[in-house]
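The file final.tsv comes next; it holds TSV, C-alpha atoms.
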```tsv
chain	number	residue	atom	x	y	z
A	1	MET	CA	148.07	89.69	-22.09
A	2	ASP	CA	150.33	86.90	-23.39
A	3	GLU	CA	152.07	86.72	-20.00
A	4	MET	CA	148.74	86.34	-18.24
A	5	ARG	CA	147.74	83.53	-20.57
A	6	THR	CA	150.94	81.60	-19.81
A	7	ASP	CA	150.30	81.92	-15.97
A	8	ARG	CA	146.65	80.98	-16.20
A	9	ARG	CA	147.33	77.50	-14.89
A	10	ASN	CA	148.36	79.12	-11.54
A	11	VAL	CA	145.09	81.02	-11.09
A	12	LEU	CA	143.15	80.12	-7.88
A	13	THR	CA	139.55	80.70	-7.08
A	14	VAL	CA	138.73	82.71	-4.00
A	15	THR	CA	137.48	79.60	-2.26
A	16	GLN	CA	140.69	77.72	-3.11
A	17	LEU	CA	142.81	80.52	-1.71
A	18	ASN	CA	140.77	80.81	1.50
A	19	THR	CA	140.84	77.05	1.91
A	20	CYS	CA	144.62	77.05	1.46
A	21	ILE	CA	145.02	79.76	4.08
A	22	LYS	CA	142.70	77.84	6.45
A	23	THR	CA	144.85	74.72	5.94
A	24	LEU	CA	148.05	76.66	6.63
A	25	ILE	CA	146.64	78.22	9.81
A	26	GLU	CA	145.26	74.95	11.14
A	27	GLY	CA	148.56	73.27	10.34
A	28	ALA	CA	150.36	75.45	12.85
A	29	ASP	CA	150.39	73.44	16.08
A	30	PHE	CA	150.76	76.46	18.38
A	31	LEU	CA	147.54	77.98	16.99
A	32	ARG	CA	145.48	74.93	17.98
A	33	SER	CA	145.56	75.91	21.67
A	34	VAL	CA	146.17	79.56	22.42
A	35	TYR	CA	145.35	81.95	25.25
A	36	ILE	CA	144.43	85.44	24.07
A	37	LYS	CA	144.15	88.42	26.39
A	38	GLY	CA	142.05	91.40	25.39
A	39	GLU	CA	138.98	93.54	25.94
A	40	ILE	CA	135.54	92.40	24.77
A	41	SER	CA	133.63	94.60	22.35
A	42	ASN	CA	130.67	94.14	19.99
A	43	PHE	CA	129.44	91.31	22.20
A	44	THR	CA	126.29	89.53	20.98
A	45	ASN	CA	124.48	86.82	22.91
A	46	HIS	CA	122.55	84.94	20.26
A	47	TYR	CA	119.73	83.70	22.48
A	48	LYS	CA	118.14	81.46	19.84
A	49	THR	CA	121.30	79.44	19.23
A	50	GLY	CA	123.13	80.08	22.50
A	51	HIS	CA	126.30	81.17	20.67
A	52	PHE	CA	128.45	84.15	21.72
A	53	TYR	CA	129.92	86.45	19.07
A	54	PHE	CA	132.42	89.13	20.07
A	55	THR	CA	135.63	90.95	19.25
A	56	LEU	CA	138.82	90.95	21.31
A	57	LYS	CA	140.85	94.12	21.10
A	58	ASP	CA	143.90	95.77	22.58
A	59	GLU	CA	145.62	99.08	21.85
A	60	GLY	CA	146.62	98.07	18.34
A	61	SER	CA	144.47	95.28	16.91
A	62	LEU	CA	141.14	93.48	16.72
A	63	LEU	CA	140.38	89.77	16.61
A	64	LYS	CA	137.01	88.30	15.74
A	65	ALA	CA	135.89	85.48	18.04
A	66	VAL	CA	133.02	83.06	18.47
A	67	MET	CA	132.07	80.73	21.33
A	68	PHE	CA	129.53	78.09	20.46
A	69	ARG	CA	126.71	77.07	22.77
A	70	ALA	CA	128.40	73.90	24.07
A	71	SER	CA	131.19	76.00	25.56
A	72	ALA	CA	129.17	79.15	26.31
A	73	SER	CA	126.67	77.24	28.46
A	74	LYS	CA	129.49	76.15	30.79
A	75	LEU	CA	130.59	79.69	31.64
A	76	PRO	CA	129.53	80.66	35.17
A	77	PHE	CA	129.12	84.30	34.07
A	78	VAL	CA	127.83	86.27	31.09
A	79	PRO	CA	130.49	88.25	29.20
A	80	GLU	CA	129.98	91.98	28.80
A	81	ASN	CA	131.38	94.73	26.62
A	82	GLY	CA	134.46	96.34	28.14
A	83	MET	CA	135.35	93.25	30.17
A	84	LYS	CA	139.03	92.32	30.12
A	85	VAL	CA	139.34	88.57	29.69
A	86	VAL	CA	141.67	85.73	28.91
A	87	VAL	CA	140.17	83.45	26.28
A	88	HIS	CA	141.31	79.96	25.33
A	89	GLY	CA	140.64	78.42	21.96
A	90	ARG	CA	142.03	77.74	18.50
A	91	ILE	CA	142.71	79.98	15.53
A	92	SER	CA	141.13	79.06	12.21
A	93	ALA	CA	139.86	80.72	9.06
A	94	PHE	CA	136.26	80.92	7.89
A	95	VAL	CA	136.47	80.06	4.18
A	96	ARG	CA	133.28	81.87	3.20
A	97	ASP	CA	134.35	85.26	4.59
A	98	GLY	CA	138.06	84.85	4.08
A	99	GLN	CA	138.67	85.91	7.67
A	100	TYR	CA	140.52	84.15	10.43
A	101	GLN	CA	139.05	84.19	13.91
A	102	LEU	CA	139.30	82.69	17.36
A	103	TYR	CA	137.06	79.72	18.14
A	104	ALA	CA	136.86	80.05	21.93
A	105	ASP	CA	136.09	77.19	24.29
A	106	ASP	CA	136.81	78.83	27.67
A	107	MET	CA	137.00	82.30	29.17
A	108	GLU	CA	137.71	83.95	32.47
A	109	PRO	CA	138.03	87.56	33.58
A	110	ASP	CA	141.58	88.84	33.48
A	111	GLY	CA	143.00	89.31	36.96
A	112	ILE	CA	139.94	87.87	38.77
A	113	GLY	CA	138.53	84.38	39.04
A	114	SER	CA	135.56	83.56	36.83
A	115	LEU	CA	133.59	82.16	39.77
A	116	TYR	CA	134.13	85.30	41.81
A	117	PHE	CA	133.10	87.44	38.86
A	118	ALA	CA	129.98	85.31	38.35
A	119	PHE	CA	129.21	85.69	42.07
A	120	GLU	CA	129.44	89.48	41.88
A	121	GLN	CA	127.41	89.56	38.67
A	122	LEU	CA	124.55	87.49	40.14
A	123	LYS	CA	124.69	89.39	43.43
A	124	LYS	CA	124.28	92.70	41.60
A	125	LYS	CA	121.37	91.33	39.54
A	126	LEU	CA	119.39	89.92	42.47
A	127	GLU	CA	120.04	92.96	44.65
A	128	ALA	CA	118.62	95.18	41.90
A	129	GLU	CA	115.47	93.03	41.91
A	130	GLY	CA	115.04	93.60	45.66
A	131	LEU	CA	115.66	90.01	46.77
A	132	PHE	CA	118.11	91.19	49.45
A	133	ALA	CA	115.83	93.88	50.91
A	134	GLU	CA	115.30	93.64	54.66
A	135	SER	CA	111.66	94.65	54.25
A	136	ARG	CA	110.78	91.33	52.56
A	137	LYS	CA	112.54	89.11	55.09
A	138	LYS	CA	110.48	87.13	57.60
A	139	PRO	CA	111.15	87.09	61.36
A	140	LEU	CA	112.30	83.89	63.01
A	141	PRO	CA	109.83	82.17	65.37
A	142	LYS	CA	110.49	82.85	69.05
A	143	ILE	CA	110.01	79.27	70.25
A	144	PRO	CA	110.15	76.83	67.32
A	145	THR	CA	109.35	73.23	68.15
A	146	ARG	CA	110.23	71.77	64.72
A	147	ILE	CA	113.46	72.57	62.91
A	148	GLY	CA	114.02	71.61	59.27
A	149	ILE	CA	117.65	71.17	58.15
A	150	ILE	CA	118.79	70.80	54.54
A	151	THR	CA	122.37	69.56	54.33
A	152	SER	CA	124.54	66.51	53.85
A	153	PRO	CA	123.58	63.71	56.27
A	154	THR	CA	127.23	62.67	56.64
A	155	GLY	CA	128.97	65.99	57.19
A	156	ALA	CA	130.19	67.54	60.40
A	157	ALA	CA	127.70	70.39	60.02
A	158	ILE	CA	124.63	68.25	60.76
A	159	ARG	CA	126.29	66.70	63.82
A	160	ASP	CA	127.17	70.12	65.20
A	161	MET	CA	123.63	71.44	64.66
A	162	ILE	CA	122.01	68.39	66.24
A	163	ASN	CA	124.28	68.65	69.29
A	164	ILE	CA	123.71	72.38	69.77
A	165	ILE	CA	119.93	72.21	69.31
A	166	GLY	CA	119.73	69.23	71.67
A	167	ARG	CA	121.75	71.08	74.29
A	168	ARG	CA	120.04	74.45	74.00
A	169	PHE	CA	116.45	73.38	73.43
A	170	PRO	CA	115.87	69.62	73.68
A	171	TYR	CA	112.12	70.07	73.18
A	172	ALA	CA	112.64	70.90	69.50
A	173	LYS	CA	112.20	68.15	66.93
A	174	ILE	CA	114.73	68.04	64.07
A	175	LEU	CA	113.72	66.98	60.54
A	176	LEU	CA	116.62	66.40	58.14
A	177	TYR	CA	116.26	66.64	54.38
A	178	PRO	CA	119.43	64.97	53.03
A	179	ALA	CA	120.96	66.73	50.02
A	180	LEU	CA	124.23	67.09	48.19
A	181	VAL	CA	126.02	70.29	49.14
A	182	GLN	CA	128.68	70.31	46.45
A	183	GLY	CA	128.80	69.82	42.69
A	184	SER	CA	126.42	70.44	39.80
A	185	ASP	CA	123.79	68.04	41.19
A	186	ALA	CA	123.56	69.88	44.52
A	187	PRO	CA	121.35	72.92	43.60
A	188	PRO	CA	118.36	70.83	42.41
A	189	GLN	CA	118.44	68.78	45.63
A	190	LEU	CA	118.73	71.90	47.81
A	191	ILE	CA	115.81	73.46	45.94
A	192	ALA	CA	113.79	70.26	46.42
A	193	GLY	CA	114.42	70.49	50.17
A	194	ILE	CA	113.05	74.05	50.39
A	195	GLN	CA	110.03	73.07	48.32
A	196	TYR	CA	109.39	69.96	50.44
A	197	PHE	CA	109.28	71.81	53.76
A	198	ASN	CA	107.06	74.54	52.30
A	199	ALA	CA	104.63	71.95	50.94
A	200	ALA	CA	104.60	69.73	54.04
A	201	ARG	CA	104.48	72.62	56.55
A	202	ASN	CA	105.93	70.27	59.14
A	203	VAL	CA	108.57	72.67	60.49
A	204	ASP	CA	108.65	76.20	61.90
A	205	VAL	CA	112.01	77.28	60.46
A	206	VAL	CA	114.47	75.92	57.88
A	207	ILE	CA	118.29	75.85	58.09
A	208	ILE	CA	120.19	75.32	54.84
A	209	GLY	CA	123.96	75.06	54.70
A	210	ARG	CA	127.18	73.13	54.96
A	211	GLY	CA	130.68	73.42	56.42
A	212	GLY	CA	133.46	75.54	55.02
A	213	GLY	CA	135.44	75.07	51.81
A	214	SER	CA	136.78	76.80	48.76
A	215	ILE	CA	134.62	78.95	46.49
A	216	GLU	CA	134.29	75.94	44.21
A	217	ASP	CA	133.07	73.80	47.13
A	218	LEU	CA	130.48	76.38	48.12
A	219	TRP	CA	129.37	77.22	44.58
A	220	ALA	CA	126.09	75.27	44.81
A	221	PHE	CA	124.85	77.93	47.25
A	222	ASN	CA	125.44	80.64	44.63
A	223	ASP	CA	122.87	79.10	42.30
A	224	GLU	CA	120.29	81.61	41.01
A	225	GLY	CA	117.45	79.08	41.08
A	226	LEU	CA	118.17	78.24	44.72
A	227	ALA	CA	118.30	81.93	45.63
A	228	ARG	CA	114.89	82.57	44.06
A	229	CYS	CA	113.45	79.49	45.78
A	230	ILE	CA	114.63	80.74	49.19
A	231	ALA	CA	113.21	84.20	48.47
A	232	ALA	CA	109.82	82.66	47.59
A	233	SER	CA	109.72	80.45	50.71
A	234	ASP	CA	106.78	80.98	53.07
A	235	LEU	CA	108.87	79.55	55.91
A	236	PRO	CA	111.73	81.59	57.39
A	237	VAL	CA	115.10	80.36	56.15
A	238	ILE	CA	118.48	80.59	57.90
A	239	SER	CA	121.54	80.34	55.64
A	240	ALA	CA	124.56	78.68	57.27
A	241	VAL	CA	127.21	78.18	54.61
A	242	GLY	CA	130.90	77.79	55.33
A	243	HIS	CA	132.83	79.78	57.89
A	244	GLU	CA	132.36	83.32	59.14
A	245	THR	CA	134.37	84.86	56.27
A	246	ASP	CA	132.53	82.89	53.56
A	247	PHE	CA	129.63	84.60	51.82
A	248	THR	CA	127.26	83.10	49.28
A	249	ILE	CA	124.18	84.35	47.45
A	250	CYS	CA	122.05	82.28	49.86
A	251	ASP	CA	123.38	84.35	52.75
A	252	PHE	CA	122.06	87.57	51.19
A	253	VAL	CA	118.64	86.28	50.16
A	254	ALA	CA	117.86	84.22	53.29
A	255	ASP	CA	115.84	85.72	56.15
A	256	ARG	CA	118.86	85.39	58.47
A	257	ARG	CA	122.51	84.65	57.79
A	258	ALA	CA	124.53	82.63	60.27
A	259	PRO	CA	128.34	82.68	60.01
A	260	THR	CA	128.54	78.92	60.65
A	261	PRO	CA	126.13	75.96	60.91
A	262	SER	CA	126.67	75.96	64.68
A	263	ALA	CA	125.69	79.61	64.86
A	264	ALA	CA	122.59	78.83	62.80
A	265	ALA	CA	121.49	76.26	65.38
A	266	GLU	CA	121.94	78.87	68.12
A	267	LEU	CA	119.88	81.38	66.11
A	268	ALA	CA	117.10	78.90	65.42
A	269	VAL	CA	116.27	77.89	69.00
A	270	PRO	CA	116.36	79.64	72.37
A	271	GLU	CA	118.50	78.35	75.22
A	272	THR	CA	116.39	76.47	77.75
A	273	ALA	CA	117.88	78.21	80.79
A	274	GLU	CA	117.50	81.63	79.23
A	275	LEU	CA	113.96	80.79	78.14
A	276	LYS	CA	113.06	79.69	81.68
A	277	ARG	CA	114.50	82.92	83.06
A	278	LYS	CA	112.41	84.96	80.61
A	279	ILE	CA	109.29	82.94	81.43
A	280	ASN	CA	109.89	83.43	85.15
A	281	ASN	CA	110.30	87.17	84.57
A	282	ILE	CA	107.05	87.23	82.63
A	283	VAL	CA	105.24	85.23	85.33
A	284	GLY	CA	106.59	87.54	88.03
A	285	ARG	CA	105.54	90.60	86.09
A	286	MET	CA	102.07	89.15	85.53
A	287	GLU	CA	101.73	88.35	89.24
A	288	LEU	CA	102.72	91.89	90.13
A	289	LEU	CA	100.25	93.42	87.70
A	290	LEU	CA	97.44	91.08	88.78
A	291	GLY	CA	98.17	91.84	92.43
A	292	ARG	CA	97.88	95.56	91.74
A	293	GLN	CA	94.62	95.12	89.86
A	294	ILE	CA	93.16	92.94	92.63
A	295	GLU	CA	94.07	95.54	95.25
A	296	GLN	CA	92.49	98.29	93.12
A	297	ARG	CA	89.29	96.24	92.86
A	298	ARG	CA	89.29	95.64	96.63
A	299	GLN	CA	89.58	99.36	97.27
A	300	ALA	CA	86.69	99.97	94.90
A	301	VAL	CA	84.58	97.37	96.73
A	302	ARG	CA	85.35	98.96	100.09
A	303	TYR	CA	84.47	102.39	98.75
A	304	PHE	CA	81.15	101.31	97.27
A	305	SER	CA	80.23	99.19	100.27
A	306	GLY	CA	80.37	102.34	102.43
A	307	ALA	CA	78.40	104.43	100.00
A	308	ARG	CA	75.00	105.79	101.16
A	309	VAL	CA	73.16	104.16	98.28
A	310	LEU	CA	73.99	100.75	99.73
A	311	SER	CA	73.93	101.58	103.47
A	312	ALA	CA	70.65	103.59	103.38
A	313	PRO	CA	68.80	102.96	100.13
A	314	ALA	CA	65.44	104.21	101.56
A	315	ALA	CA	66.92	107.63	102.30
A	316	MET	CA	68.27	107.78	98.78
A	317	LEU	CA	64.76	106.98	97.45
A	318	ASP	CA	63.23	109.73	99.63
A	319	ASP	CA	65.71	112.24	98.21
A	320	ARG	CA	64.80	111.18	94.71
A	321	ARG	CA	61.06	111.45	95.48
A	322	MET	CA	61.47	114.98	96.86
A	323	ASN	CA	63.43	115.99	93.81
A	324	LEU	CA	60.73	114.47	91.59
A	325	VAL	CA	57.99	116.44	93.40
A	326	TYR	CA	59.96	119.65	93.04
A	327	LEU	CA	60.47	119.06	89.33
A	328	SER	CA	56.77	118.19	88.85
A	329	GLU	CA	55.65	121.45	90.52
A	330	LYS	CA	58.16	123.40	88.49
A	331	LEU	CA	56.79	121.83	85.33
A	332	ASP	CA	53.19	122.68	86.28
A	333	ARG	CA	54.08	126.33	86.86
A	334	ALA	CA	55.92	126.53	83.57
A	335	VAL	CA	52.95	124.99	81.70
A	336	GLN	CA	50.50	127.40	83.38
A	337	VAL	CA	52.64	130.42	82.48
A	338	LYS	CA	52.90	129.21	78.92
A	339	MET	CA	49.13	128.64	78.63
A	340	ASN	CA	48.30	132.11	80.00
A	341	ALA	CA	50.64	133.68	77.52
A	342	CYS	CA	49.06	131.71	74.68
A	343	ARG	CA	45.49	132.74	75.76
A	344	ALA	CA	46.47	136.41	75.83
A	345	ASP	CA	48.02	136.15	72.41
A	346	LEU	CA	44.94	134.35	71.05
A	347	ALA	CA	42.57	137.05	72.38
A	348	GLN	CA	44.68	139.78	70.84
A	349	ARG	CA	44.69	138.03	67.46
A	350	ALA	CA	40.85	137.52	67.65
A	351	VAL	CA	40.30	141.25	68.14
A	352	LYS	CA	42.48	142.00	65.13
A	353	LEU	CA	40.72	139.36	63.05
A	354	ASP	CA	37.23	140.68	63.97
A	355	ALA	CA	38.28	144.16	62.95
A	356	LEU	CA	39.17	142.79	59.53
A	357	ASN	CA	35.91	140.76	59.13
A	358	PRO	CA	34.12	141.96	55.93
A	359	LEU	CA	30.68	141.01	57.33
A	360	ALA	CA	31.10	143.42	60.24
A	361	ILE	CA	30.16	146.36	57.99
A	362	PHE	CA	26.51	145.12	57.81
A	363	GLY	CA	26.11	145.97	61.49
A	364	ARG	CA	27.00	149.57	60.69
A	365	GLY	CA	24.01	150.03	58.26
A	366	TYR	CA	25.55	148.81	55.05
A	367	SER	CA	24.14	146.13	52.70
A	368	ALA	CA	25.43	144.22	49.63
A	369	ALA	CA	23.74	143.12	46.38
A	370	PHE	CA	24.39	139.67	44.82
A	371	ALA	CA	23.35	138.15	41.49
A	372	GLU	CA	21.51	134.84	41.33
A	373	ASN	CA	24.83	133.04	40.81
A	374	GLY	CA	26.17	134.54	44.03
A	375	GLU	CA	28.40	137.14	42.29
A	376	LEU	CA	28.88	140.35	44.27
A	377	LEU	CA	27.39	143.29	42.35
A	378	SER	CA	29.50	146.41	42.66
A	379	ARG	CA	28.91	148.20	39.28
A	380	VAL	CA	25.84	149.30	37.30
A	381	ASP	CA	27.08	147.66	34.11
A	382	GLN	CA	26.67	144.27	35.83
A	383	LEU	CA	22.84	144.77	36.01
A	384	GLU	CA	19.90	144.76	33.66
A	385	ILE	CA	16.29	146.07	34.05
A	386	GLY	CA	14.11	143.36	35.59
A	387	GLN	CA	17.10	141.32	36.79
A	388	PRO	CA	16.38	139.62	40.14
A	389	ILE	CA	18.96	140.34	42.86
A	390	THR	CA	19.47	139.49	46.52
A	391	LEU	CA	20.17	142.14	49.15
A	392	ARG	CA	22.11	141.02	52.20
A	393	LEU	CA	21.42	143.08	55.32
A	394	SER	CA	22.76	142.88	58.88
A	395	ASP	CA	19.97	140.55	60.03
A	396	GLY	CA	18.95	138.74	56.80
A	397	GLU	CA	18.35	138.90	53.07
A	398	ALA	CA	15.73	140.50	50.78
A	399	GLN	CA	14.77	139.58	47.19
A	400	ALA	CA	14.26	142.43	44.69
A	401	ASN	CA	14.08	143.22	40.97
A	402	VAL	CA	15.95	146.01	39.20
A	403	THR	CA	13.42	148.61	37.98
A	404	ALA	CA	15.79	151.39	36.96
A	405	LEU	CA	19.56	151.92	36.39
A	406	THR	CA	21.06	155.36	37.00
A	407	PRO	CA	24.83	155.48	36.46
A	408	LEU	CA	26.69	158.19	38.39
A	409	PRO	CA	28.31	160.88	36.28
A	410	LYS	CA	32.06	160.35	35.75
A	411	THR	CA	34.26	162.89	37.45
```

Could I get this structure in the form of structure tokens?
Amino acid sequence: MDEMRTDRRNVLTVTQLNTCIKTLIEGADFLRSVYIKGEISNFTNHYKTGHFYFTLKDEGSLLKAVMFRASASKLPFVPENGMKVVVHGRISAFVRDGQYQLYADDMEPDGIGSLYFAFEQLKKKLEAEGLFAESRKKPLPKIPTRIGIITSPTGAAIRDMINIIGRRFPYAKILLYPALVQGSDAPPQLIAGIQYFNAARNVDVVIIGRGGGSIEDLWAFNDEGLARCIAASDLPVISAVGHETDFTICDFVADRRAPTPSAAAELAVPETAELKRKINNIVGRMELLLGRQIEQRRQAVRYFSGARVLSAPAAMLDDRRMNLVYLSEKLDRAVQVKMNACRADLAQRAVKLDALNPLAIFGRGYSAAFAENGELLSRVDQLEIGQPITLRLSDGEAQANVTALTPLPKT
């Protein structure tokens, strides 16, 4: 205890110690700019702040790292867990946690360019959304008369396209929307060009592109916003970026991809000579078909002109009259047969009905007694002495009074 009291003047607080360590680390010049290679794990994209938090690891160790929004927003790709990267930054200590970490300001995939990785990452994303599907792509017009071109007004690409369109199809009108084709300011201008032509509807097809260059030169055509704008276009779009071996996101999302701007001009318009040949073939085919139809109609006219209905219409009417007379007589006979059968059936039913007539029994010597209310009297218990009754006979009625009632003995 005494020894501890004598050393008390050397006691540091935790904050003092961590601050001292931070000062020592930041005092090492080689730790102010280091490149660290490792695999990303525990990656967190803090969307509210825009900061990236992650851990770099290799076979033996871990290193905490952070990339603040100012640097993270400049990355052309989004880091992922398991990605092997090379990260640049400085090493410092965080006094509160007592932990040193890497403050990163740049990153690129290990063994592959960051732009190429960003290209593959965006390509995979848009393909999964269906933006590259052939089913959603629009056909190019067969004979466009107005061609919209979005490119640099001073590059060789526009001169080549103007020359080729003028040579192949001089009837087409070219409308140029000048735009930057390189750099961070290029995508908004390219998007504005697509939107302008869709709003104005003053062209039949749109060509967007530029000449060849490095992946950095062509990067404006890998912009996600531009890709979505092309996909949403109501007008068909031809992508003509770089040389035949160059591919951009625009090439995949456009309705047609041309390997070069010159090839795009050839895709956009037909060749005049070829178009004339096709038109002549169509005209010849139409003439042949019309000639056949005219000959068929002539044969029909000749056939009908020799028909009896036109050469001897009176004879045709006589034939129809005779047929009408025959049918009329046939109808009369059928009606007469039907009427005779109906009369015979009616007579037979009358005989049967007469046999069932209840009044017919009066003619055979029977009579019937009725009360004053018209009720038929059939039993003695319906009568009383002195009751007036009516007797109905075969040829009339007689009025009588009941003078005696003699019930028959029950058997």

To one decimal place in Å, what is the distance between CA of Pro76 in chain A and CA of Leu235 in chain A? 29.3 Å

Pick out the closest residue to Gly148 in chain A from this set: A:Ile164, A:Met286, A:Leu175, A:Ala355. Count only C-alpha atoms. A:Leu175

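Between Gly213 in chain A and the candidates A:Ile279, A:Ala231, A:Val241, A:Ala307, the tightest atom-to-atom separation, counting only C-alpha atoms, involves A:Val241.
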
Between CA of Asp354 in chain A and CA of Ser394 in chain A, what is the distance in Å, rounded to a tenth? 15.5 Å

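The gap separating CA of Asn357 in chain A from CA of Ser378 in chain A is 18.6 Å, in Å to one decimal.
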
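For the residues A:Arg297, A:Arg167, A:Phe221, A:Cys229, ranking by smallest atom-to-atom distance to Tyr196 in chain A using only C-alpha atoms places A:Cys229 first.
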
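Closest approach to Lys84 in chain A from the set A:Gly60, A:Arg256, A:Lys124, A:Ile36 is made by A:Ile36, with distances taken over all atoms listed in the file.
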
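Distance annotation: of A:Val269, A:Val86, A:Val351, A:Ala227, the residue with the minimal separation from Pro109 in chain A is A:Val86; atom set is all atoms listed in the file.
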
Which one of A:Leu126, A:Ile91, A:Leu391, A:Leu405 sits closest to Leu63 in chain A if you count only C-alpha atoms? A:Ile91

Spatial sel., origin (119.2, 76.5, 54.6), limit 7 Å, only C-alpha atoms, listed as a PDB file with C-alpha atoms, keeping the file's coordinate frame:
```
ATOM      1  CA  ILE A 149     117.650  71.170  58.150  1.00  0.00           C
ATOM      2  CA  ILE A 150     118.790  70.800  54.540  1.00  0.00           C
ATOM      3  CA  VAL A 206     114.470  75.920  57.880  1.00  0.00           C
ATOM      4  CA  ILE A 207     118.290  75.850  58.090  1.00  0.00           C
ATOM      5  CA  ILE A 208     120.190  75.320  54.840  1.00  0.00           C
ATOM      6  CA  GLY A 209     123.960  75.060  54.700  1.00  0.00           C
ATOM      7  CA  VAL A 237     115.100  80.360  56.150  1.00  0.00           C
ATOM      8  CA  ILE A 238     118.480  80.590  57.900  1.00  0.00           C
ATOM      9  CA  SER A 239     121.540  80.340  55.640  1.00  0.00           C
ATOM     10  CA  ALA A 240     124.560  78.680  57.270  1.00  0.00           C
TER      11      ALA A 240
END
```

Contacts of Leu408 in chain A at 12 Å or less, counting all atoms listed in the file, minus same-chain residues fewer than 6 places along, as number ranges by chain? A: 379-381

Incomplete range 201-219 of chain A filled out to N, CA and C atoms as a compact mmCIF listing (two decimals), in the frame of the given file:
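Now in out10.txt:
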```
# COMPACT_ATOMS: atom_id res chain seq x y z
N ARG A 201 104.76 71.76 55.40
CA ARG A 201 104.48 72.62 56.55
C ARG A 201 104.64 71.87 57.87
N ASN A 202 105.69 71.07 57.94
CA ASN A 202 105.93 70.27 59.14
C ASN A 202 107.05 70.83 60.00
N VAL A 203 107.54 72.03 59.68
CA VAL A 203 108.57 72.67 60.49
C VAL A 203 108.21 74.15 60.66
N ASP A 204 108.87 74.78 61.64
CA ASP A 204 108.65 76.20 61.90
C ASP A 204 109.71 77.09 61.25
N VAL A 205 110.90 76.53 61.05
CA VAL A 205 112.01 77.28 60.46
C VAL A 205 112.91 76.28 59.74
N VAL A 206 113.60 76.78 58.69
CA VAL A 206 114.47 75.92 57.88
C VAL A 206 115.90 76.45 57.95
N ILE A 207 116.86 75.52 58.16
CA ILE A 207 118.29 75.85 58.09
C ILE A 207 118.85 75.15 56.86
N ILE A 208 119.55 75.89 56.02
CA ILE A 208 120.19 75.32 54.84
C ILE A 208 121.66 75.70 54.87
N GLY A 209 122.54 74.72 54.65
CA GLY A 209 123.96 75.06 54.70
C GLY A 209 124.87 73.86 54.67
N ARG A 210 126.14 74.14 54.94
CA ARG A 210 127.18 73.13 54.96
C ARG A 210 128.39 73.75 55.64
N GLY A 211 129.44 72.93 55.83
CA GLY A 211 130.68 73.42 56.42
C GLY A 211 131.47 74.24 55.42
N GLY A 212 132.64 74.67 55.84
CA GLY A 212 133.46 75.54 55.02
C GLY A 212 134.11 74.83 53.85
N GLY A 213 134.76 75.60 52.98
CA GLY A 213 135.44 75.07 51.81
C GLY A 213 135.84 76.19 50.88
N SER A 214 136.38 75.81 49.75
CA SER A 214 136.78 76.80 48.76
C SER A 214 135.54 77.35 48.06
N ILE A 215 135.75 78.37 47.21
CA ILE A 215 134.62 78.95 46.49
C ILE A 215 134.00 77.93 45.56
N GLU A 216 134.83 77.01 45.05
CA GLU A 216 134.29 75.94 44.21
C GLU A 216 133.42 74.99 45.03
N ASP A 217 133.85 74.69 46.26
CA ASP A 217 133.07 73.80 47.13
C ASP A 217 131.72 74.40 47.50
N LEU A 218 131.71 75.71 47.68
CA LEU A 218 130.48 76.38 48.12
C LEU A 218 129.62 76.88 46.96
N TRP A 219 130.02 76.60 45.74
CA TRP A 219 129.37 77.22 44.58
C TRP A 219 127.90 76.84 44.44
```
